[in-house]
file target_34.txt (compact mmCIF, C-alpha atoms)
# COMPACT_ATOMS: atom_id res chain seq x y z
CA MET U 1 -26.57 -13.58 -0.53
CA ILE U 2 -30.24 -13.35 -1.49
CA THR U 3 -32.24 -10.89 0.59
CA ARG U 4 -35.63 -11.51 2.09
CA ARG U 5 -37.21 -9.21 -0.52
CA ALA U 6 -37.11 -11.88 -3.21
CA SER U 7 -39.92 -14.39 -3.45
CA SER U 8 -39.12 -17.95 -2.38
CA GLY U 9 -39.06 -19.23 -5.98
CA SER U 10 -36.82 -16.41 -7.15
CA SER U 11 -34.54 -16.93 -4.14
CA VAL U 12 -33.85 -20.55 -5.05
CA CYS U 13 -33.09 -19.77 -8.70
CA ALA U 14 -31.01 -16.75 -7.78
CA LEU U 15 -29.05 -18.68 -5.20
CA LEU U 16 -28.14 -21.41 -7.67
CA ILE U 17 -27.02 -18.93 -10.29
CA LEU U 18 -25.14 -16.69 -7.87
CA VAL U 19 -23.27 -19.58 -6.29
CA ALA U 20 -22.10 -20.68 -9.72
CA GLY U 21 -21.26 -17.08 -10.52
CA LEU U 22 -19.22 -16.58 -7.39
CA MET U 23 -17.21 -19.70 -8.11
CA SER U 24 -16.47 -18.29 -11.53
CA ALA U 25 -15.64 -14.95 -9.94
CA PHE U 26 -12.87 -16.55 -7.91
CA ARG U 27 -11.39 -17.93 -11.12
CA LEU U 28 -11.69 -14.51 -12.76
CA ALA U 29 -10.18 -12.72 -9.78
CA THR U 30 -6.57 -13.17 -10.86
CA ILE U 31 -6.48 -9.85 -12.64
CA THR U 32 -3.45 -7.71 -11.76
CA ALA U 33 -2.57 -4.11 -12.43
CA ASP U 34 -1.15 -5.22 -15.80
CA GLU U 35 -4.27 -7.20 -16.73
CA THR U 36 -6.96 -4.55 -16.59
CA PRO U 37 -10.44 -5.68 -17.66
CA PRO U 38 -11.63 -4.30 -21.01
CA GLY U 39 -13.01 -0.79 -20.70
CA ASP U 40 -11.57 -0.29 -17.21
CA VAL U 41 -10.21 3.24 -16.95
CA HIS U 42 -8.49 4.30 -13.72
CA GLU U 43 -7.82 7.88 -12.84
CA LYS U 44 -4.32 7.97 -11.39
CA THR U 45 -4.25 10.07 -8.23
CA PRO U 46 -1.11 12.18 -7.76
CA VAL U 47 0.38 11.22 -4.41
CA ALA U 48 3.74 11.37 -2.70
CA PRO U 49 6.26 8.69 -3.64
CA ALA U 50 7.50 8.09 -0.12
CA ALA U 51 5.77 7.78 3.24
CA THR U 52 7.52 10.69 4.96
CA SER U 53 5.38 13.00 7.06
CA ALA U 54 6.28 16.01 4.89
CA ASN U 55 5.32 14.30 1.66
CA LEU U 56 2.18 12.71 3.05
CA ALA U 57 0.95 16.04 4.33
CA SER U 58 0.99 17.46 0.81
CA SER U 59 -0.50 14.46 -0.98
CA VAL U 60 -3.51 14.99 -3.19
CA GLY U 61 -6.55 12.79 -2.73
CA PRO U 62 -9.45 11.94 -5.04
CA GLN U 63 -11.60 14.73 -3.64
CA ASP U 64 -8.96 17.32 -4.51
CA THR U 65 -9.44 16.94 -8.25
CA GLY U 66 -12.38 19.34 -8.24
CA SER U 67 -14.75 16.86 -9.85
CA LYS U 68 -15.77 13.26 -9.69
CA PRO U 69 -13.02 10.89 -10.84
CA THR U 70 -13.30 9.32 -14.27
CA THR U 71 -15.77 6.50 -13.94
CA ALA U 72 -14.75 3.02 -15.02
CA LYS U 73 -16.97 1.69 -17.78
CA PRO U 74 -18.67 -1.38 -16.31
CA LEU U 75 -18.61 -4.60 -18.26
CA VAL U 76 -22.19 -5.06 -17.08
CA ARG U 77 -24.78 -2.49 -16.05
CA LEU U 78 -27.67 -3.55 -13.85
CA THR U 79 -30.96 -1.86 -14.66
CA LYS U 80 -33.06 -3.72 -12.08
CA THR U 81 -32.51 -4.36 -8.38
CA THR U 82 -35.25 -7.00 -8.17
CA PRO U 83 -34.89 -9.78 -10.75
CA THR U 84 -38.01 -10.79 -12.67
CA SER U 85 -36.44 -13.04 -15.31
CA VAL U 86 -33.58 -15.40 -15.95
CA ALA U 87 -31.87 -12.61 -17.89
CA ASP U 88 -32.05 -10.37 -14.81
CA LEU U 89 -30.47 -13.09 -12.67
CA ALA U 90 -27.73 -13.60 -15.24
CA ALA U 91 -27.00 -9.86 -15.20
CA ILE U 92 -26.73 -9.88 -11.40
CA GLN U 93 -24.39 -12.86 -11.59
CA ALA U 94 -22.22 -11.06 -14.15
CA GLY U 95 -22.14 -7.93 -11.99
CA ILE U 96 -20.95 -9.91 -8.97
CA GLN U 97 -18.27 -11.60 -11.09
CA GLN U 98 -17.19 -8.24 -12.38
CA ALA U 99 -16.87 -6.74 -8.88
CA ALA U 100 -14.97 -9.77 -7.57
CA ALA U 101 -12.52 -9.72 -10.49
CA LYS U 102 -11.69 -6.07 -9.86
CA GLY U 103 -11.72 -6.19 -6.07
CA VAL U 104 -9.92 -9.40 -5.10
CA PRO U 105 -6.39 -8.41 -6.23
CA ALA U 106 -6.57 -5.15 -4.24
CA THR U 107 -8.14 -6.62 -1.08
CA VAL U 108 -5.40 -7.13 1.50
CA GLY U 109 -4.87 -8.37 5.01
CA ILE U 110 -3.47 -5.94 7.58
CA SER U 111 -1.42 -7.02 10.60
CA ILE U 112 -0.77 -4.39 13.29
CA GLY U 113 0.37 -5.01 16.85
CA GLY U 114 -0.67 -8.64 16.84
CA ALA U 115 -4.20 -7.86 15.66
CA PHE U 116 -5.57 -8.46 12.18
CA GLY U 117 -7.96 -6.72 9.83
CA SER U 118 -8.64 -6.16 6.14
CA GLY U 119 -8.10 -3.25 3.79
CA VAL U 120 -8.18 -2.21 0.14
CA ILE U 121 -5.57 -0.46 -2.02
CA VAL U 122 -6.93 2.63 -3.79
CA THR U 123 -3.87 4.12 -5.54
CA GLU U 124 -1.23 2.52 -7.71
CA ASP U 125 1.56 3.54 -5.32
CA GLY U 126 -0.06 1.92 -2.32
CA TYR U 127 -2.48 4.02 -0.30
CA VAL U 128 -4.71 1.65 1.66
CA LEU U 129 -8.12 2.44 3.15
CA THR U 130 -9.43 0.53 6.15
CA ALA U 131 -11.48 0.98 9.31
CA GLY U 132 -10.23 3.43 11.92
CA HIS U 133 -10.23 0.78 14.63
CA VAL U 134 -7.87 -1.35 12.53
CA VAL U 135 -5.35 1.53 12.24
CA GLY U 136 -5.58 2.51 15.93
CA TRP U 137 -3.31 5.56 15.69
CA PRO U 138 -0.74 7.09 13.30
CA GLY U 139 2.89 6.05 12.96
CA ARG U 140 2.53 2.34 13.66
CA ASP U 141 4.40 -0.31 11.73
CA ALA U 142 2.05 -2.53 9.74
CA THR U 143 2.27 -5.49 7.40
CA ILE U 144 0.15 -5.68 4.26
CA ILE U 145 -0.61 -9.21 3.07
CA PHE U 146 -1.64 -9.75 -0.55
CA PRO U 147 -3.98 -12.56 -1.67
CA ASP U 148 -0.98 -14.58 -2.91
CA GLY U 149 0.66 -14.37 0.53
CA LYS U 150 3.21 -11.69 -0.34
CA HIS U 151 4.06 -9.38 2.59
CA VAL U 152 5.08 -5.71 2.34
CA LYS U 153 5.68 -3.10 5.02
CA ALA U 154 3.39 -0.14 5.61
CA THR U 155 2.82 2.65 8.08
CA THR U 156 -0.45 3.83 9.62
CA LEU U 157 -1.61 7.34 8.79
CA GLY U 158 -4.72 9.21 9.93
CA VAL U 159 -7.85 8.12 11.79
CA ASN U 160 -11.31 9.68 11.93
CA ARG U 161 -12.73 8.04 15.03
CA ASP U 162 -16.15 9.64 14.56
CA MET U 163 -16.61 7.77 11.28
CA ASP U 164 -14.27 4.81 11.95
CA SER U 165 -12.20 5.58 8.86
CA GLY U 166 -8.45 5.05 8.59
CA MET U 167 -5.58 5.06 6.11
CA LEU U 168 -2.20 3.38 5.64
CA LYS U 169 0.61 3.77 3.10
CA ILE U 170 2.74 0.93 1.74
CA THR U 171 6.36 1.99 2.26
CA VAL U 172 7.86 -0.30 -0.38
CA ASP U 173 8.05 1.36 -3.81
CA GLY U 174 6.05 -0.43 -6.46
CA LYS U 175 2.94 -0.47 -8.60
CA TYR U 176 0.06 -2.17 -6.86
CA PRO U 177 -3.40 -3.37 -7.95
CA TYR U 178 -6.06 -0.94 -6.82
CA VAL U 179 -9.75 -0.22 -7.08
CA GLU U 180 -11.49 2.94 -8.23
CA LEU U 181 -13.47 5.03 -5.75
CA GLY U 182 -17.20 5.15 -6.30
CA HIS U 183 -19.72 7.51 -4.69
CA SER U 184 -21.76 6.43 -1.70
CA SER U 185 -24.09 9.39 -2.30
CA ASP U 186 -25.32 7.62 -5.44
CA LEU U 187 -26.51 4.52 -3.57
CA LYS U 188 -30.17 3.58 -3.32
CA GLN U 189 -32.01 1.07 -1.21
CA GLY U 190 -32.01 -2.32 -2.91
CA ASP U 191 -28.81 -1.78 -4.91
CA TRP U 192 -26.73 -4.94 -5.28
CA CYS U 193 -23.30 -4.85 -3.71
CA VAL U 194 -20.34 -7.12 -2.99
CA THR U 195 -18.23 -7.43 0.15
CA LEU U 196 -14.69 -8.79 0.27
CA GLY U 197 -12.34 -9.46 3.15
CA HIS U 198 -10.62 -12.03 5.31
CA PRO U 199 -13.25 -13.40 7.74
CA GLY U 200 -11.55 -15.03 10.70
CA GLY U 201 -8.24 -13.49 9.62
CA PHE U 202 -5.93 -14.07 6.66
CA ILE U 203 -5.61 -17.74 5.73
CA ARG U 204 -2.89 -18.89 3.36
CA ASP U 205 -4.11 -20.38 0.09
CA ARG U 206 -7.55 -18.79 0.57
CA SER U 207 -8.50 -15.92 -1.70
CA PRO U 208 -10.35 -12.94 -0.15
CA VAL U 209 -13.87 -14.18 0.51
CA VAL U 210 -16.63 -12.77 -1.72
CA ARG U 211 -20.20 -12.28 -0.48
CA ALA U 212 -23.07 -10.56 -2.26
CA GLY U 213 -26.14 -8.77 -1.01
CA ARG U 214 -28.08 -5.51 -1.19
CA VAL U 215 -28.07 -2.06 0.33
CA LEU U 216 -30.66 -1.90 3.11
CA THR U 217 -30.12 1.74 4.03
CA ALA U 218 -28.08 4.25 2.05
CA PRO U 219 -26.50 7.40 3.54
CA ASP U 220 -28.99 10.22 3.06
CA GLY U 221 -27.16 13.12 4.66
CA PHE U 222 -29.48 13.16 7.64
CA VAL U 223 -30.50 10.14 9.71
CA ASN U 224 -28.15 7.64 8.07
CA LYS U 225 -25.29 9.94 7.11
CA ASP U 226 -22.66 7.99 9.04
CA ALA U 227 -23.10 4.50 7.58
CA ILE U 228 -24.22 2.27 4.76
CA ARG U 229 -26.26 -0.66 6.02
CA THR U 230 -26.27 -3.90 3.98
CA ASP U 231 -27.17 -7.56 4.33
CA CYS U 232 -23.70 -8.63 3.11
CA THR U 233 -22.44 -10.83 5.92
CA ILE U 234 -19.21 -9.67 7.59
CA VAL U 235 -17.49 -11.14 10.65
CA GLY U 236 -14.31 -10.65 12.68
CA GLY U 237 -11.31 -10.15 10.38
CA ASP U 238 -13.43 -8.45 7.69
CA SER U 239 -13.08 -5.06 9.43
CA GLY U 240 -11.64 -2.54 6.99
CA GLY U 241 -12.39 -4.58 3.88
CA PRO U 242 -14.09 -3.16 0.79
CA LEU U 243 -17.76 -2.86 -0.11
CA LEU U 244 -18.08 -2.62 -3.90
CA ASP U 245 -20.86 -1.84 -6.31
CA THR U 246 -21.41 -4.23 -9.22
CA ALA U 247 -19.13 -2.12 -11.43
CA GLY U 248 -16.27 -2.92 -9.02
CA ARG U 249 -16.08 0.59 -7.54
CA LEU U 250 -15.40 1.12 -3.85
CA ILE U 251 -18.47 2.47 -2.05
CA GLY U 252 -17.73 1.64 1.58
CA ILE U 253 -15.39 0.13 4.18
CA HIS U 254 -16.55 -2.54 6.64
CA SER U 255 -16.94 -1.10 10.12
CA ARG U 256 -19.24 -3.00 12.47
CA ILE U 257 -21.90 -5.67 12.75
CA SER U 258 -25.03 -6.24 14.82
CA ASP U 259 -26.46 -9.37 16.38
CA ASP U 260 -28.11 -10.19 13.05
CA VAL U 261 -25.67 -11.48 10.40
CA THR U 262 -27.77 -9.75 7.72
CA ASP U 263 -27.41 -6.34 9.38
CA ASN U 264 -23.97 -4.85 8.77
CA TYR U 265 -22.50 -1.35 8.66
CA HIS U 266 -19.91 0.23 6.38
CA VAL U 267 -18.16 3.62 6.35
CA PRO U 268 -19.37 5.56 3.27
CA ILE U 269 -16.56 6.17 0.77
CA ASP U 270 -17.54 9.83 0.41
CA THR U 271 -16.22 10.56 3.90
CA PHE U 272 -12.78 9.35 2.78
CA ARG U 273 -12.95 11.79 -0.14
CA ASP U 274 -13.91 14.66 2.15
CA THR U 275 -11.10 13.98 4.65
CA TRP U 276 -8.38 12.55 2.37
CA SER U 277 -5.79 15.27 3.09
CA ARG U 278 -6.18 14.99 6.86
CA LEU U 279 -5.94 11.21 6.78
CA ALA U 280 -2.91 11.30 4.45
CA LYS U 281 -0.93 13.64 6.71
CA GLY U 282 -1.63 11.55 9.79
CA ASP U 283 -4.29 13.58 11.61
CA THR U 284 -6.37 11.83 14.26
CA TRP U 285 -9.66 13.31 15.42
CA GLY U 286 -13.02 12.39 16.86
CA LYS U 287 -14.06 10.57 20.00
CA GLU U 288 -11.26 8.45 21.43
CA GLN U 289 -12.11 4.76 21.26
CA VAL U 290 -9.05 2.81 22.37
CA PRO U 291 -9.67 -0.93 21.92
CA THR U 292 -8.90 -2.97 24.99
CA GLY U 293 -9.10 -6.60 25.90
CA PRO U 294 -7.03 -9.75 26.10
CA LEU U 295 -4.86 -10.87 23.21
CA LEU U 296 -3.60 -14.35 22.30
CA GLY U 297 -2.11 -13.48 18.91
CA ILE U 298 -3.24 -16.02 16.32
CA ASN U 299 -5.50 -16.39 13.33
CA GLY U 300 -7.34 -19.67 12.96
CA GLN U 301 -9.91 -21.69 11.09
CA ASP U 302 -12.59 -24.14 12.15
CA VAL U 303 -11.72 -27.85 12.10
CA ASP U 304 -13.48 -30.82 13.67
CA ALA U 305 -11.01 -31.02 16.55
CA GLY U 306 -11.12 -27.31 17.47
CA CYS U 307 -9.41 -24.19 16.13
CA LYS U 308 -6.52 -24.76 13.72
CA VAL U 309 -3.80 -22.09 13.91
CA THR U 310 -3.19 -20.48 10.52
CA ASP U 311 -0.94 -17.61 11.64
CA VAL U 312 1.02 -16.72 14.79
CA PHE U 313 1.93 -13.05 15.15
CA PRO U 314 5.48 -12.25 16.33
CA GLY U 315 5.87 -10.84 19.84
CA THR U 316 2.44 -12.01 21.02
CA PRO U 317 1.65 -14.46 23.83
CA ALA U 318 1.02 -17.24 21.30
CA ALA U 319 4.48 -16.75 19.80
CA ARG U 320 6.14 -16.64 23.22
CA ILE U 321 4.80 -20.06 24.24
CA GLY U 322 5.75 -21.59 20.90
CA LEU U 323 2.41 -22.03 19.14
CA THR U 324 2.97 -22.73 15.46
CA ARG U 325 0.94 -22.93 12.30
CA ASP U 326 -1.19 -26.11 12.07
CA ASP U 327 -1.40 -26.53 15.85
CA ILE U 328 -5.02 -27.19 16.86
CA VAL U 329 -6.32 -25.54 20.03
CA VAL U 330 -8.71 -28.09 21.53
CA SER U 331 -9.36 -26.47 24.92
CA PHE U 332 -8.81 -23.07 26.53
CA GLY U 333 -9.19 -22.32 30.21
CA GLY U 334 -10.47 -25.84 30.80
CA GLU U 335 -13.30 -25.47 28.28
CA SER U 336 -13.55 -27.22 24.92
CA VAL U 337 -12.92 -25.30 21.71
CA ASN U 338 -15.05 -26.15 18.66
CA GLY U 339 -13.92 -23.39 16.34
CA VAL U 340 -12.65 -19.83 15.95
CA ALA U 341 -15.74 -18.12 17.37
CA ARG U 342 -15.73 -20.33 20.46
CA LEU U 343 -12.03 -19.67 21.13
CA LYS U 344 -12.59 -15.93 20.77
CA LYS U 345 -15.40 -16.02 23.33
CA LEU U 346 -13.28 -18.02 25.76
CA ILE U 347 -10.41 -15.53 25.43
CA GLU U 348 -12.81 -12.65 26.08
CA LYS U 349 -13.80 -14.23 29.41
CA HIS U 350 -10.34 -13.35 30.71
CA GLU U 351 -8.29 -10.20 31.20
CA ALA U 352 -4.89 -9.12 29.98
CA GLY U 353 -2.29 -10.59 32.34
CA ASP U 354 -4.28 -13.73 33.14
CA GLU U 355 -2.34 -16.99 32.86
CA VAL U 356 -4.62 -19.50 31.18
CA PRO U 357 -4.13 -23.24 30.55
CA LEU U 358 -4.74 -24.55 27.07
CA VAL U 359 -4.46 -27.87 25.31
CA ILE U 360 -3.25 -28.17 21.73
CA GLU U 361 -2.97 -31.04 19.31
CA ARG U 362 0.30 -31.13 17.37
CA ALA U 363 1.15 -33.88 14.88
CA GLY U 364 -1.54 -36.09 16.40
CA GLU U 365 -0.36 -35.67 20.01
CA LYS U 366 -1.94 -33.51 22.69
CA LYS U 367 0.15 -31.05 24.66
CA GLU U 368 -0.76 -28.98 27.72
CA MET U 369 0.49 -25.38 27.87
CA LYS U 370 -0.09 -22.12 29.73
CA VAL U 371 -0.28 -18.68 28.17
CA LYS U 372 -0.19 -15.23 29.75
CA LEU U 373 -2.58 -13.03 27.80
CA ALA U 374 -1.47 -9.55 26.73
CA GLU U 375 -3.34 -6.28 26.25
CA ARG U 376 -4.64 -5.72 22.73
CA GLU U 377 -2.99 -2.72 21.03
CA GLY U 378 -5.45 -2.35 18.16
CA ASP U 379 -8.20 -4.21 16.36
call {"tool": "encode", "arguments": {"input": "target_34.txt", "output": "C-alpha cells"}}
result
Amino acid sequence: MITRRASSGSSVCALLILVAGLMSAFRLATITADETPPGDVHEKTPVAPAATSANLASSVGPQDTGSKPTTAKPLVRLTKTTPTSVADLAAIQAGIQQAAAKGVPATVGISIGGAFGSGVIVTEDGYVLTAGHVVGWPGRDATIIFPDGKHVKATTLGVNRDMDSGMLKITVDGKYPYVELGHSSDLKQGDWCVTLGHPGGFIRDRSPVVRAGRVLTAPDGFVNKDAIRTDCTIVGGDSGGPLLDTAGRLIGIHSRISDDVTDNYHVPIDTFRDTWSRLAKGDTWGKEQVPTGPLLGINGQDVDAGCKVTDVFPGTPAARIGLTRDDIVVSFGGESVNGVARLKKLIEKHEAGDEVPLVIERAGEKKEMKVKLAEREGD
C-alpha cells in the first residue's frame, strides 16, 4: 500500500513496482526452515519440548537471554522511508519481497472453538504468538493451519488482556518455520512494514495475504505505548497475524482496526518479550474482555452469487445443519448476501439461540434451511 505522504506521481510509480514486487514475493515465499535465505541467522530460543504445564512454566523466552537476540542480516537495507528515485522504489520492493519470503511460511491460521484467527510461529519447536482475543483463555484445544493446508494440534497458553497479546504451543513434535523477533522500540514514523494474515479466514490454495504500508505512530513509551499504528490494511481473520519490518523481523501482532481501512493497530512485539514467561506458563491477566455474539461457524469468500463456504468448523451450527465446502449462502434471515462482510453483518443482527432461515446454492440448485445460532466462545 502507498501512503498519502507520497506525491501523486510517486504513488503511481511505486504502486506499479510494488504490485510486481508482491507478486514476486508470493513466488519467493516458499522458503522453509531448511531453505533459509542467505545471511539469515536465527537465534534458537531454549524452550520446553512438550506442552505440559510444568515444562511451559519454566520455558525461557527471548527476553530472558539478557540481551537483544542476534539480528538477522537483511538481504536489503532501506536507508530512506520516502522514495525519491527509481532506485529507492526498487529497494522498497526488494524489502517487501524479503519480508514476505521470510514471513509467509511461518504465518498460520488458528481455529479455536469454531472461531478463526491468524498467528505466527516464533520458535523452531512451535511457540505461536497471536492476539489475546484469538486465544480467549488458557488450556483450550486449537488447530494450527499451515499455508499448504497441513493441520497440527496446539494448546492455548497465556493471555494479557490489557495488551491483547496471547500465546499458543504446537503439541506435535517437529521443527517448524519461524520468524525472528524484532524490536518495536526501534520503530520510527514512516518506516515501511509488511502485514500478513488470512483476511476473511483461511482459504485453501491461498497463501497468506501480503500487504505493505508504513508506520503511522510508533510506541513511544508514553502516549502510544500500547500499540503500533499503521496504514497496512487488516480485516476480520487477520487478527493475531504478524507485522514485519522489511528485514522480515516480527515487530507487532494485529489487534484491532478502526472505521478507516488505513488506520490499524498492532500489539508491539516488545510486550511479548517482557511477558514471555507469564504467557508461556499460562497466566491470564488484565481486564476481562470475553467475546460474545452469535456464531454460524464458517469461513467464506466473496463470489457473485453470495458468500462461498470455504471451511465449516466441527461442532458449530453450520456443521449441524450440514453446510459443506463450496455451498454458497445467497440469503440469510430473508436478506440477500453479496459477500463475506454482508453475511457477517446479517449474523450480527441476531442473538445466540435465534433460529434463522437461510438459502444456499449447492451444485446449481437452491436449498432452504434453518440454523440455530450458537454463542461465540472466542474470536
call {"tool": "atom_distance", "arguments": {"input": "target_34.txt", "atom1": "atom CA of Asp162 of chain U", "atom2": "atom CA of Arg211 of chain U"}}
result
26.9 Å
call {"tool": "residues_around", "arguments": {"input": "target_34.txt", "residues": "His183 of chain U", "least_positions_apart": "4", "cutoff": "7 Å", "atoms": "all atoms listed in the file", "output": "PyMOL selection string"}}
result
chain U and resi 251+269-270
call {"tool": "residues_around", "arguments": {"input": "target_34.txt", "residues": "segment 123-125 of chain U", "least_positions_apart": "5", "cutoff": "6 Å", "atoms": "only C-alpha atoms", "output": "ChimeraX atom specification"}}
result
/U:175-176,178
call {"tool": "closest_residue", "arguments": {"input": "target_34.txt", "among": "U:Ile92, U:Val337, U:Leu358, U:Val303", "to": "Leu323 of chain U", "atoms": "only C-alpha atoms"}}
result
U:Leu358
call {"tool": "atom_distance", "arguments": {"input": "target_34.txt", "atom1": "atom CA of Asp164 of chain U", "atom2": "atom CA of Arg376 of chain U"}}
result
17.9 Å
call {"tool": "atom_distance", "arguments": {"input": "target_34.txt", "atom1": "atom CA of Leu295 of chain U", "atom2": "atom CA of Val371 of chain U"}}
result
10.3 Å
call {"tool": "residues_around", "arguments": {"input": "target_34.txt", "residues": "segment 309-312 of chain U", "least_positions_apart": "2", "cutoff": "8 Å", "atoms": "all atoms listed in the file", "output": "list in words"}}
result
Phe202, Ile203, Arg204, Gly297, Ile298, Asn299, Gly300, Gln301, Cys307, Pro314, Thr316, Ala318, Ala319, Leu323, Thr324, Arg325, Asp326, Asp327, Ile328 and Val329 of chain U
call {"tool": "closest_residue", "arguments": {"input": "target_34.txt", "among": "U:Leu244, U:Val172, U:Ile234, U:Leu181", "to": "Ala100 of chain U", "atoms": "all atoms listed in the file"}}
result
U:Leu244
call {"tool": "residues_around", "arguments": {"input": "target_34.txt", "residues": "Gly200 of chain U", "least_positions_apart": "5", "cutoff": "12 Å", "atoms": "all atoms listed in the file", "output": "number ranges by chain"}}
result
U: 109, 115-118, 206, 208-209, 234-239, 298-302, 307-311, 339-344
call {"tool": "residues_around", "arguments": {"input": "target_34.txt", "residues": "Gly248 of chain U", "least_positions_apart": "4", "cutoff": "7 Å", "atoms": "only C-alpha atoms", "output": "MDAnalysis selection string"}}
result
chainID U and resid 98:99 102:103 244
call {"tool": "closest_residue", "arguments": {"input": "target_34.txt", "among": "U:Arg320, U:His350, U:His266, U:Arg140", "to": "Asp226 of chain U", "atoms": "all atoms listed in the file"}}
result
U:His266
call {"tool": "closest_residue", "arguments": {"input": "target_34.txt", "among": "U:Lys345, U:Lys367, U:Arg362, U:Arg229", "to": "His254 of chain U", "atoms": "all atoms listed in the file"}}
result
U:Arg229
call {"tool": "closest_residue", "arguments": {"input": "target_34.txt", "among": "U:Trp276, U:Tyr265, U:Trp192, U:Phe332", "to": "Pro219 of chain U", "atoms": "only C-alpha atoms"}}
result
U:Tyr265
call {"tool": "residues_near_point", "arguments": {"input": "target_34.txt", "point": "(1.9, -2.2, 6.2)", "cutoff": "9 Å", "atoms": "all atoms listed in the file", "output": "number ranges by chain"}}
result
U: 110-112, 128, 140-145, 151-156, 168-171
